[in-house]
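Written out below as structure tokens is the structure these notes cover.
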Amino acid sequence: MRFLPKALMATAAAALTAASGPAAAQVSSSDALKAAIIFNILRYVEFPGKPNSQPIVLCGLRGTPGAAELAGLNGQRAGSRQVLYRNFDGNSGAGCDAVFLGSGDAGDIARVRQRGTLVFGDGSGFASAGGTVGLVRTGAQVRFEINLRTASDTGVTISSRLLRLASRTIR
């Protein structure tokens, strides 16, 4: 899987989501698009106390749809940092810089949210429930919402360039 620079992300998103085919193919395309969005977001985030020369540890909740696509990010370079992927069981985000919970709820978010951790999930209510980034499906597109309060509380800094691309920003 090859990931595109942010300038081409919108075009890739439209192409991936506009394709017709069996439901399984559409889910796969949606999951691949989510992985690409997560990858590109990681390029524009600074984690507290973590130099840009150190890898980003991305953890995906075991058994969550899209985990296989996220695992494909392992070894990829997000800017100057390498992405290291690992599965986790959902009890703790210890050792993870970024966590993908899928359709996790406020309880799941609270279990993994800690200083320096960026928490991704699915659905329009995810960011409002305390997640850092919610991936929201709008028709055939996947957009993202950012909760700046959560980012600030955890010490994660999100680039203003990324904020301009968000469909909604919670302050």
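Starting from 1 in every chain, residues are counted up; chains themselves are A, B, ... following the order of the structure tokens, and ligands are numbered from 1 as listed.
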Contacts of range 11-112 of chain A with range 146-162 of chain A up to 12 Å, shortest pair per row, only C-alpha atoms, as CSV:
residue,atom,partner,partner_atom,distance
A:Ile37,CA,A:Leu162,CA,11.0
A:Ile38,CA,A:Leu162,CA,11.6
A:Asn40,CA,A:Leu162,CA,9.2
A:Ile41,CA,A:Leu162,CA,7.2
A:Leu42,CA,A:Ile158,CA,9.2
A:Arg43,CA,A:Ser159,CA,9.2
A:Tyr44,CA,A:Ser159,CA,5.4
A:Val45,CA,A:Ile158,CA,4.7
A:Glu46,CA,A:Thr157,CA,5.0
A:Phe47,CA,A:Val156,CA,5.0
A:Pro48,CA,A:Gly155,CA,5.8
A:Gly49,CA,A:Gly155,CA,9.4
A:Lys50,CA,A:Val156,CA,10.4
A:Asp97,CA,A:Val156,CA,9.6
A:Ala98,CA,A:Val156,CA,10.2
A:Ile109,CA,A:Thr150,CA,10.7
A:Ala110,CA,A:Thr150,CA,11.0
A:Val112,CA,A:Thr154,CA,11.2
Polymer residues at most 10 Å from Arg137 in chain A, only C-alpha atoms, same-chain spacing of 2 or more positions, as a ChimeraX atom specification: /A:30,34,122-124,134-135,139-144
Keeping only C-alpha atoms, write those residues as a PDB file, in the first residue's frame.
ATOM      1  CA  SER A  30     -12.978   2.708   3.305  1.00  0.00           C
ATOM      2  CA  LYS A  34      -8.918   5.627   6.952  1.00  0.00           C
ATOM      3  CA  ASP A 122     -14.819   6.122  14.034  1.00  0.00           C
ATOM      4  CA  GLY A 123     -18.016   8.136  14.075  1.00  0.00           C
ATOM      5  CA  SER A 124     -19.251  11.690  14.403  1.00  0.00           C
ATOM      6  CA  GLY A 134     -12.841  11.153  14.841  1.00  0.00           C
ATOM      7  CA  LEU A 135     -13.069   9.688  11.349  1.00  0.00           C
ATOM      8  CA  GLY A 139     -21.788   9.891   1.996  1.00  0.00           C
ATOM      9  CA  ALA A 140     -18.951   8.333   0.033  1.00  0.00           C
ATOM     10  CA  GLN A 141     -16.236  10.399   1.754  1.00  0.00           C
ATOM     11  CA  VAL A 142     -14.313   9.939   4.985  1.00  0.00           C
ATOM     12  CA  ARG A 143     -13.531  13.201   6.769  1.00  0.00           C
ATOM     13  CA  PHE A 144     -12.005  13.884  10.176  1.00  0.00           C
TER      14      PHE A 144
END
Using only C-alpha atoms, which of the listed residues (A:Val99, A:Arg113, A:Ser80, A:Asn74) sits closest to Cys59 in chain A?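 Using only C-alpha atoms, the shortest distance to Cys59 in chain A belongs to A:Val99.
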Extract the full set of strand (DSSP E or B) residues from chain A according to DSSP on the backbone, and format it as a ChimeraX atom specification. /A:45-46,56-61,77-78,81-88,98-100,118-122,133-138,141-147,157-158,168-170
Save the residues we just selected, N, CA and C atoms, as a tab-separated table (two decimals), in the first residue's frame?
chain	number	residue	atom	x	y	z
A	45	VAL	N	1.65	16.00	13.59
A	45	VAL	CA	1.42	15.97	15.03
A	45	VAL	C	2.77	15.89	15.75
A	46	GLU	N	2.88	16.63	16.85
A	46	GLU	CA	4.06	16.55	17.70
A	46	GLU	C	3.64	15.95	19.03
A	56	ILE	N	7.10	6.61	15.74
A	56	ILE	CA	5.75	6.76	16.29
A	56	ILE	C	5.18	5.36	16.45
A	57	VAL	N	4.74	5.01	17.65
A	57	VAL	CA	4.13	3.71	17.88
A	57	VAL	C	2.62	3.88	17.73
A	58	LEU	N	2.07	3.26	16.67
A	58	LEU	CA	0.65	3.29	16.38
A	58	LEU	C	0.06	1.95	16.79
A	59	CYS	N	-0.94	1.99	17.66
A	59	CYS	CA	-1.57	0.76	18.14
A	59	CYS	C	-3.00	0.69	17.66
A	60	GLY	N	-3.40	-0.48	17.21
A	60	GLY	CA	-4.77	-0.71	16.75
A	60	GLY	C	-5.42	-1.75	17.63
A	61	LEU	N	-6.67	-1.49	17.98
A	61	LEU	CA	-7.43	-2.42	18.82
A	61	LEU	C	-7.61	-3.73	18.07
A	77	ARG	N	7.43	5.70	6.60
A	77	ARG	CA	7.95	6.94	7.17
A	77	ARG	C	6.90	8.03	7.06
A	78	ALA	N	6.53	8.59	8.21
A	78	ALA	CA	5.60	9.72	8.28
A	78	ALA	C	6.46	10.95	8.54
A	81	ARG	N	9.75	10.50	10.74
A	81	ARG	CA	9.59	9.43	11.74
A	81	ARG	C	9.04	8.15	11.11
A	82	GLN	N	9.56	7.06	11.59
A	82	GLN	CA	9.07	5.76	11.16
A	82	GLN	C	7.84	5.40	11.99
A	83	VAL	N	6.85	4.76	11.37
A	83	VAL	CA	5.66	4.29	12.07
A	83	VAL	C	5.88	2.82	12.43
A	84	LEU	N	5.69	2.50	13.70
A	84	LEU	CA	5.74	1.11	14.15
A	84	LEU	C	4.33	0.73	14.59
A	85	TYR	N	3.77	-0.32	14.01
A	85	TYR	CA	2.40	-0.72	14.32
A	85	TYR	C	2.41	-1.93	15.25
A	86	ARG	N	1.43	-1.93	16.17
A	86	ARG	CA	1.21	-3.12	16.99
A	86	ARG	C	-0.25	-3.20	17.39
A	87	ASN	N	-0.74	-4.42	17.56
A	87	ASN	CA	-2.09	-4.64	18.06
A	87	ASN	C	-2.08	-4.51	19.57
A	88	PHE	N	-3.21	-4.12	20.15
A	88	PHE	CA	-3.33	-4.12	21.60
A	88	PHE	C	-4.74	-4.56	21.95
A	98	ALA	N	-0.03	6.73	19.37
A	98	ALA	CA	-1.34	6.91	18.73
A	98	ALA	C	-2.09	5.59	18.83
A	99	VAL	N	-3.40	5.69	19.07
A	99	VAL	CA	-4.24	4.51	19.24
A	99	VAL	C	-5.45	4.64	18.33
A	100	PHE	N	-5.81	3.54	17.64
A	100	PHE	CA	-7.05	3.51	16.87
A	100	PHE	C	-8.01	2.56	17.55
A	118	LEU	N	-2.37	10.20	21.09
A	118	LEU	CA	-3.37	10.66	20.14
A	118	LEU	C	-4.35	9.51	19.94
A	119	VAL	N	-5.65	9.77	20.18
A	119	VAL	CA	-6.65	8.70	20.12
A	119	VAL	C	-7.57	8.91	18.91
A	120	PHE	N	-7.54	7.94	17.98
A	120	PHE	CA	-8.36	7.95	16.78
A	120	PHE	C	-9.54	7.00	16.96
A	121	GLY	N	-10.65	7.32	16.29
A	121	GLY	CA	-11.80	6.42	16.29
A	121	GLY	C	-12.78	6.79	15.21
A	122	ASP	N	-13.80	5.94	15.06
A	122	ASP	CA	-14.82	6.12	14.03
A	122	ASP	C	-16.07	6.79	14.59
A	133	VAL	N	-9.14	12.44	17.47
A	133	VAL	CA	-9.52	12.53	16.06
A	133	VAL	C	-10.62	11.52	15.77
A	134	GLY	N	-11.75	12.02	15.26
A	134	GLY	CA	-12.84	11.15	14.84
A	134	GLY	C	-12.90	11.10	13.33
A	135	LEU	N	-12.95	9.88	12.80
A	135	LEU	CA	-13.07	9.69	11.35
A	135	LEU	C	-14.55	9.54	11.04
A	136	VAL	N	-15.07	10.42	10.21
A	136	VAL	CA	-16.50	10.50	9.98
A	136	VAL	C	-16.81	10.24	8.52
A	137	ARG	N	-17.70	9.32	8.30
A	137	ARG	CA	-18.12	9.00	6.93
A	137	ARG	C	-19.27	9.92	6.56
A	138	THR	N	-19.12	10.66	5.46
A	138	THR	CA	-20.15	11.56	4.96
A	138	THR	C	-20.43	11.14	3.53
A	141	GLN	N	-17.52	9.86	1.30
A	141	GLN	CA	-16.24	10.40	1.75
A	141	GLN	C	-15.98	10.07	3.22
A	142	VAL	N	-14.72	10.04	3.58
A	142	VAL	CA	-14.31	9.94	4.99
A	142	VAL	C	-13.60	11.23	5.33
A	143	ARG	N	-14.11	11.94	6.31
A	143	ARG	CA	-13.53	13.20	6.77
A	143	ARG	C	-13.04	13.00	8.20
A	144	PHE	N	-12.44	14.02	8.79
A	144	PHE	CA	-12.01	13.88	10.18
A	144	PHE	C	-12.34	15.13	10.99
A	145	GLU	N	-12.61	14.88	12.26
A	145	GLU	CA	-12.88	15.93	13.24
A	145	GLU	C	-11.77	15.89	14.27
A	146	ILE	N	-11.39	17.05	14.79
A	146	ILE	CA	-10.31	17.12	15.78
A	146	ILE	C	-10.82	17.78	17.05
A	147	ASN	N	-10.52	17.16	18.18
A	147	ASN	CA	-10.86	17.73	19.48
A	147	ASN	C	-9.58	18.37	20.04
A	157	THR	N	0.47	18.28	20.12
A	157	THR	CA	0.35	19.50	19.33
A	157	THR	C	0.00	19.12	17.90
A	158	ILE	N	-1.07	19.75	17.40
A	158	ILE	CA	-1.54	19.48	16.04
A	158	ILE	C	-1.28	20.71	15.19
A	168	ARG	N	-14.46	19.48	11.19
A	168	ARG	CA	-14.94	20.17	12.40
A	168	ARG	C	-13.81	20.16	13.42
A	169	THR	N	-13.70	21.26	14.14
A	169	THR	CA	-12.70	21.38	15.21
A	169	THR	C	-13.44	21.72	16.50
A	170	ILE	N	-13.21	20.92	17.52
A	170	ILE	CA	-13.82	21.15	18.83
A	170	ILE	C	-12.79	21.87	19.68
Between A:Ala127, A:Leu165, A:Ser103, A:Thr117, single out the one closest to Gly66 in chain A, counting only C-alpha atoms.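 For Gly66 in chain A, the nearest of the given residues is A:Ser103.
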Taking the DSSP assignment computed from this structure's backbone, write out as an MDAnalysis selection string all residues of chain A that belong to helix (DSSP H, G or I). chainID A and resid 6:18 23:42 67:71 106:112 148:154 160:163
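Comparing A:Gln54, A:Gly75, A:Ala35, A:Asp108 by their smallest distance to Asn91 in chain A, the closest is A:Asp108 (using only C-alpha atoms).
Using only C-alpha atoms, the nearest neighbour of Gly131 in chain A within the list A:Pro65, A:Gly79, A:Gly104, A:Pro55 is A:Gly104.
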CA of Ala71 in chain A to CA of Gly95 in chain A: how many Å, to one decimal? 16.5 Å
One decimal, in Å: what's the spacing between CA of Leu101 in chain A and CA of Ser128 in chain A?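 We find that CA of Leu101 in chain A and CA of Ser128 in chain A lie 14.5 Å from each other.
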